[in-house]
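Take a look at the structure set out below.
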Amino acid sequence: MSKRMFTTAISYATPTALGAVPTTAQFMAIRATLTIGGCDILEISVQGTSTASAVFGGCLKRASTTSTGGYTALANPNADGPADPRANQGTTAVATGVAGVTTNPTVSSLATDTAIAMSINAFGGLYRENFAPTQQPSVMGTTAPYQEIVLFNCNTSPWGGAASSTNTFFIYEPY
Amino acid sequence: MWWQRSYEGEVFIDHRASPGLPEHIARAMGYDPKQTGEGRKFEAATRMCSHCGSRVILNPDRSRERATCLSCSSHYICDACDYERRQPDYVHRTLRQKMELANV
């Protein structure tokens with residue numbers, strides 16, 4: 001299948017607690033859309049773009065209640081497309097977005113759901129993680145919590161998120 | 001050619017042009033505040049434990065040996081699973097076998 005890049009530039013004005021629903025256009029999410037199918041997230045990069053010192057409490061967490069109605073179409077400067085222009089396979093297996101059409105996802109507060117912490121100081125800070133083989137966070141199927149995963153600014157301890165801005169990209173591979 | 005580092009990921013946190021993470025948040029996240037403070041860069045390999053699936057950020061300053069499991073083709077296992085496998089009633093099961101038992 002083909003690797004794709006999901007890129008956003010977001011001002012996270014309202015940090016969100018675990019177990020809550022992030023504000024529209026203040027999260028980035030990937031959800032599986034088929035019973036059999038999904039994607040692996042291979043790499044995440046977060047570049048802080050705040051103009052003053054502020055902690056971005058980056059948290060990648062599964063959604064305990066998935067978004068409904070699909071996502072509204074991405075608009076500039078957010079984007080999602082294949083890394084290789086010749087490749088277009090697997091795109092129907094997942095959807096990416098920053099806003100649910102009807103409702104946004106609820107990020108899980110369960111200790112049994114995957115959470116990856118990527119807090120940085122968004123005033124010039126940078127976070128990049130390249131996941132090891134077999135270590136990639138995945139989404140698959142059509143059942144919560146494995147259907148959807150969300151990156152948002154978390155203000156639950158220890159993430160410590162405050163109002164901040166970042167540019168972020170995922171490299172992911174649908175299958 | 002296969003070698004252990006083929007299975008490594010990488011985490012990179014760069015505050016070289018930033019005030020860095022406040023000390024209390026860095027500690028709460030498990031970082032040494034000296035590595036994520038103002039003007040600092042933290043870079044480390046990550047591995048997945050083949051017994052429990054945990055993602056482990058490898059401390060680059062650690063000098064003690066890390067465990068591997070011969071029954072898992074010498075894949076890395078975390079310290080907790082290394083302790084567990086030394087217990088007298090231990091039964092070896094890979095992560096995949098545990099998932100199959102749990103019907104995941």
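Lettering and numbering for the structure tokens are positional, with chains as A, B, ... in the shown order, residues counted from 1 in each chain, and ligands counted from 1 in the shown order.
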Counting only C-alpha atoms, which residues in chain A sit no more than 6 Å from chain B? For each one, give the nearest pair of atoms and the distance in Å, sorted by chain then residue number, as a Markdown table.
```
| residue | atom | partner | partner_atom | distance |
| --- | --- | --- | --- | --- |
| A:Asn121 | CA | B:Gly20 | CA | 5.3 |
| A:Phe123 | CA | B:Ser18 | CA | 5.7 |
| A:Gly124 | CA | B:Ser18 | CA | 4.6 |
| A:Gly125 | CA | B:His15 | CA | 4.8 |
| A:Leu126 | CA | B:Asp14 | CA | 5.0 |
| A:Tyr127 | CA | B:Ile13 | CA | 4.5 |
| A:Arg128 | CA | B:Phe12 | CA | 5.1 |
| A:Glu129 | CA | B:Val11 | CA | 4.4 |
| A:Asn130 | CA | B:Glu10 | CA | 5.1 |
| A:Phe131 | CA | B:Gly9 | CA | 4.7 |
| A:Ala132 | CA | B:Gly9 | CA | 3.7 |
| A:Pro133 | CA | B:Tyr7 | CA | 5.8 |
| A:Pro158 | CA | B:Ala28 | CA | 5.4 |
```
Would you give me, as a CSV table (one decimal) with N, CA and C atoms, in the first residue's frame, the residues in chain B that DSSP reads as alpha helix (DSSP H)?
```csv
chain,number,residue,atom,x,y,z
B,23,GLU,N,10.2,22.0,34.6
B,23,GLU,CA,10.8,20.9,35.2
B,23,GLU,C,9.7,19.9,35.7
B,24,HIS,N,8.6,20.4,36.3
B,24,HIS,CA,7.6,19.5,36.9
B,24,HIS,C,6.9,18.7,35.8
B,25,ILE,N,6.7,19.3,34.7
B,25,ILE,CA,6.1,18.5,33.6
B,25,ILE,C,7.1,17.5,33.0
B,26,ALA,N,8.3,17.9,32.8
B,26,ALA,CA,9.3,16.9,32.3
B,26,ALA,C,9.4,15.7,33.3
B,27,ARG,N,9.5,16.0,34.6
B,27,ARG,CA,9.6,14.9,35.5
B,27,ARG,C,8.3,14.0,35.5
B,28,ALA,N,7.2,14.6,35.4
B,28,ALA,CA,5.9,13.9,35.4
B,28,ALA,C,5.8,13.0,34.1
B,33,PRO,N,14.7,16.4,33.4
B,33,PRO,CA,14.5,17.8,33.0
B,33,PRO,C,15.8,18.4,32.3
B,34,LYS,N,16.9,17.9,32.6
B,34,LYS,CA,18.1,18.4,31.9
B,34,LYS,C,18.1,18.1,30.4
B,35,GLN,N,17.4,17.1,30.0
B,35,GLN,CA,17.3,16.7,28.6
B,35,GLN,C,16.2,17.4,27.8
B,36,THR,N,15.3,18.0,28.5
B,36,THR,CA,14.2,18.7,27.8
B,36,THR,C,14.1,20.1,28.2
B,79,ASP,N,12.2,-4.7,31.3
B,79,ASP,CA,12.7,-5.2,32.6
B,79,ASP,C,11.7,-5.9,33.4
B,80,ALA,N,10.4,-5.5,33.3
B,80,ALA,CA,9.3,-6.1,34.1
B,80,ALA,C,9.1,-7.6,33.6
B,81,CYS,N,9.1,-7.7,32.2
B,81,CYS,CA,9.0,-9.1,31.7
B,81,CYS,C,10.2,-9.9,31.9
B,82,ASP,N,11.4,-9.3,32.0
B,82,ASP,CA,12.6,-10.0,32.3
B,82,ASP,C,12.5,-10.6,33.7
B,83,TYR,N,12.0,-9.8,34.7
B,83,TYR,CA,11.8,-10.2,36.0
B,83,TYR,C,10.8,-11.4,36.1
B,84,GLU,N,9.7,-11.2,35.4
B,84,GLU,CA,8.6,-12.2,35.4
B,84,GLU,C,9.1,-13.6,34.9
B,85,ARG,N,10.0,-13.5,33.8
B,85,ARG,CA,10.4,-14.8,33.3
B,85,ARG,C,11.4,-15.6,34.1
B,95,LEU,N,3.5,-11.9,22.9
B,95,LEU,CA,2.4,-11.0,22.9
B,95,LEU,C,1.3,-11.6,22.1
B,96,ARG,N,1.6,-12.1,20.9
B,96,ARG,CA,0.6,-12.6,20.0
B,96,ARG,C,-0.2,-13.8,20.6
B,97,GLN,N,0.6,-14.7,21.3
B,97,GLN,CA,-0.1,-15.8,22.0
B,97,GLN,C,-1.1,-15.3,23.1
B,98,LYS,N,-0.6,-14.2,23.8
B,98,LYS,CA,-1.5,-13.6,24.9
B,98,LYS,C,-2.7,-13.0,24.2
B,99,MET,N,-2.6,-12.4,23.1
B,99,MET,CA,-3.7,-11.8,22.4
B,99,MET,C,-4.7,-12.8,21.9
B,100,GLU,N,-4.1,-14.0,21.4
B,100,GLU,CA,-5.0,-15.1,21.0
B,100,GLU,C,-5.8,-15.7,22.2
B,101,LEU,N,-5.1,-15.8,23.3
B,101,LEU,CA,-5.8,-16.3,24.5
B,101,LEU,C,-6.9,-15.4,25.0
```
Legend entry - Shell around A:Val101 at 12 Å using only C-alpha atoms, local window under 5 positions removed, as number ranges by chain: A: 24-25, 66-74
Inset, instruction - Work out how far apart atom CA of A:Ala117 and atom CA of A:Trp159 are and give it in Å to one decimal. - result: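 Atom-to-atom, atom CA of A:Ala117 and atom CA of A:Trp159 are spaced 7.0 Å apart.
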Inset, instruction - Would you please give, as a ChimeraX atom specification, all residues of stretch 108-175 of chain A that DSSP assigns to strand (DSSP E) based on the backbone? - result: /A:115-117,120-121,126-130,138-140,148-153,164-174
Legend entry - Who sits within 10 Å of A:Asp113, only C-alpha atoms, same chain under 4 positions skipped, as a VMD selection string: chain A and resid 61 to 64 107 to 109 145 to 146
Write a file of the selected residues as a PDB file, in the first residue's frame, keeping N, CA and C atoms.
```pdb
ATOM      1  N   LYS A  61      -4.375   9.527  21.587  1.00  0.00           N
ATOM      2  CA  LYS A  61      -5.209   8.637  22.403  1.00  0.00           C
ATOM      3  C   LYS A  61      -6.366   8.102  21.577  1.00  0.00           C
ATOM      4  N   ARG A  62      -6.784   6.904  21.872  1.00  0.00           N
ATOM      5  CA  ARG A  62      -7.924   6.340  21.150  1.00  0.00           C
ATOM      6  C   ARG A  62      -9.220   7.038  21.555  1.00  0.00           C
ATOM      7  N   ALA A  63     -10.188   6.982  20.658  1.00  0.00           N
ATOM      8  CA  ALA A  63     -11.492   7.591  20.924  1.00  0.00           C
ATOM      9  C   ALA A  63     -12.420   6.544  21.538  1.00  0.00           C
ATOM     10  N   SER A  64     -12.945   6.848  22.729  1.00  0.00           N
ATOM     11  CA  SER A  64     -13.878   5.908  23.367  1.00  0.00           C
ATOM     12  C   SER A  64     -15.242   5.987  22.697  1.00  0.00           C
ATOM     13  N   VAL A 107     -12.233  11.555  23.467  1.00  0.00           N
ATOM     14  CA  VAL A 107     -10.966  10.860  23.711  1.00  0.00           C
ATOM     15  C   VAL A 107     -11.106   9.993  24.956  1.00  0.00           C
ATOM     16  N   SER A 108     -10.583   8.805  24.867  1.00  0.00           N
ATOM     17  CA  SER A 108     -10.747   7.839  25.944  1.00  0.00           C
ATOM     18  C   SER A 108      -9.976   8.269  27.191  1.00  0.00           C
ATOM     19  N   SER A 109     -10.531   7.947  28.351  1.00  0.00           N
ATOM     20  CA  SER A 109      -9.801   8.158  29.599  1.00  0.00           C
ATOM     21  C   SER A 109      -9.408   6.821  30.223  1.00  0.00           C
ATOM     22  N   PRO A 145     -12.783   1.121  20.918  1.00  0.00           N
ATOM     23  CA  PRO A 145     -11.935   2.295  20.736  1.00  0.00           C
ATOM     24  C   PRO A 145     -10.913   2.148  19.608  1.00  0.00           C
ATOM     25  N   TYR A 146     -10.961   1.033  18.861  1.00  0.00           N
ATOM     26  CA  TYR A 146      -9.886   0.787  17.895  1.00  0.00           C
ATOM     27  C   TYR A 146     -10.129   1.453  16.550  1.00  0.00           C
TER      28      TYR A 146
END
```
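Residue nearest A:Ile149 within the list A:Ser165, A:Thr16, A:Asn104, A:Thr51: A:Asn104 [criterion: smallest interatomic distance, only C-alpha atoms].
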Legend entry - Computed interatomic separation between atom CA of A:Asp80 and atom CA of A:Thr156 (Å):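 For atom CA of A:Asp80 relative to atom CA of A:Thr156, the distance reads 28.8 Å.
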Inset, instruction - Just the residues within 7 Å of A:Met5, please, counting only C-alpha atoms, with nothing from its chain fewer than 4 positions along; format it as a list in words. - result: Asp80, Gly81, Pro82, Ala83, Phe169, Phe170, Ile171 and Tyr172 of chain A
So that I have them on file, write out the residues from the current selection with N, CA and C atoms, as a PDB file, in the first residue's frame.
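The resulting out_33.pdb:
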```
ATOM      1  N   ASP A  80      -4.087  16.223   3.352  1.00  0.00           N
ATOM      2  CA  ASP A  80      -3.852  14.779   3.439  1.00  0.00           C
ATOM      3  C   ASP A  80      -3.705  14.247   2.017  1.00  0.00           C
ATOM      4  N   GLY A  81      -2.597  13.599   1.738  1.00  0.00           N
ATOM      5  CA  GLY A  81      -2.400  13.074   0.394  1.00  0.00           C
ATOM      6  C   GLY A  81      -1.311  12.031   0.379  1.00  0.00           C
ATOM      7  N   PRO A  82      -1.183  11.323  -0.749  1.00  0.00           N
ATOM      8  CA  PRO A  82      -0.170  10.268  -0.832  1.00  0.00           C
ATOM      9  C   PRO A  82       1.235  10.839  -0.881  1.00  0.00           C
ATOM     10  N   ALA A  83       2.166  10.132  -0.257  1.00  0.00           N
ATOM     11  CA  ALA A  83       3.561  10.558  -0.317  1.00  0.00           C
ATOM     12  C   ALA A  83       4.109  10.344  -1.720  1.00  0.00           C
ATOM     13  N   PHE A 169       2.497  16.680  11.495  1.00  0.00           N
ATOM     14  CA  PHE A 169       2.147  15.733  10.431  1.00  0.00           C
ATOM     15  C   PHE A 169       2.272  14.300  10.897  1.00  0.00           C
ATOM     16  N   PHE A 170       1.390  13.471  10.350  1.00  0.00           N
ATOM     17  CA  PHE A 170       1.462  12.026  10.511  1.00  0.00           C
ATOM     18  C   PHE A 170       1.916  11.448   9.176  1.00  0.00           C
ATOM     19  N   ILE A 171       2.788  10.476   9.188  1.00  0.00           N
ATOM     20  CA  ILE A 171       2.979   9.610   8.028  1.00  0.00           C
ATOM     21  C   ILE A 171       2.275   8.312   8.382  1.00  0.00           C
ATOM     22  N   TYR A 172       1.294   7.924   7.567  1.00  0.00           N
ATOM     23  CA  TYR A 172       0.551   6.705   7.895  1.00  0.00           C
ATOM     24  C   TYR A 172       0.368   5.867   6.640  1.00  0.00           C
TER      25      TYR A 172
END
```
Legend entry - Two-atom distance - atom CA of A:Gly58, atom CA of B:Arg66 (Å):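 These two atoms are separated by 29.3 Å.
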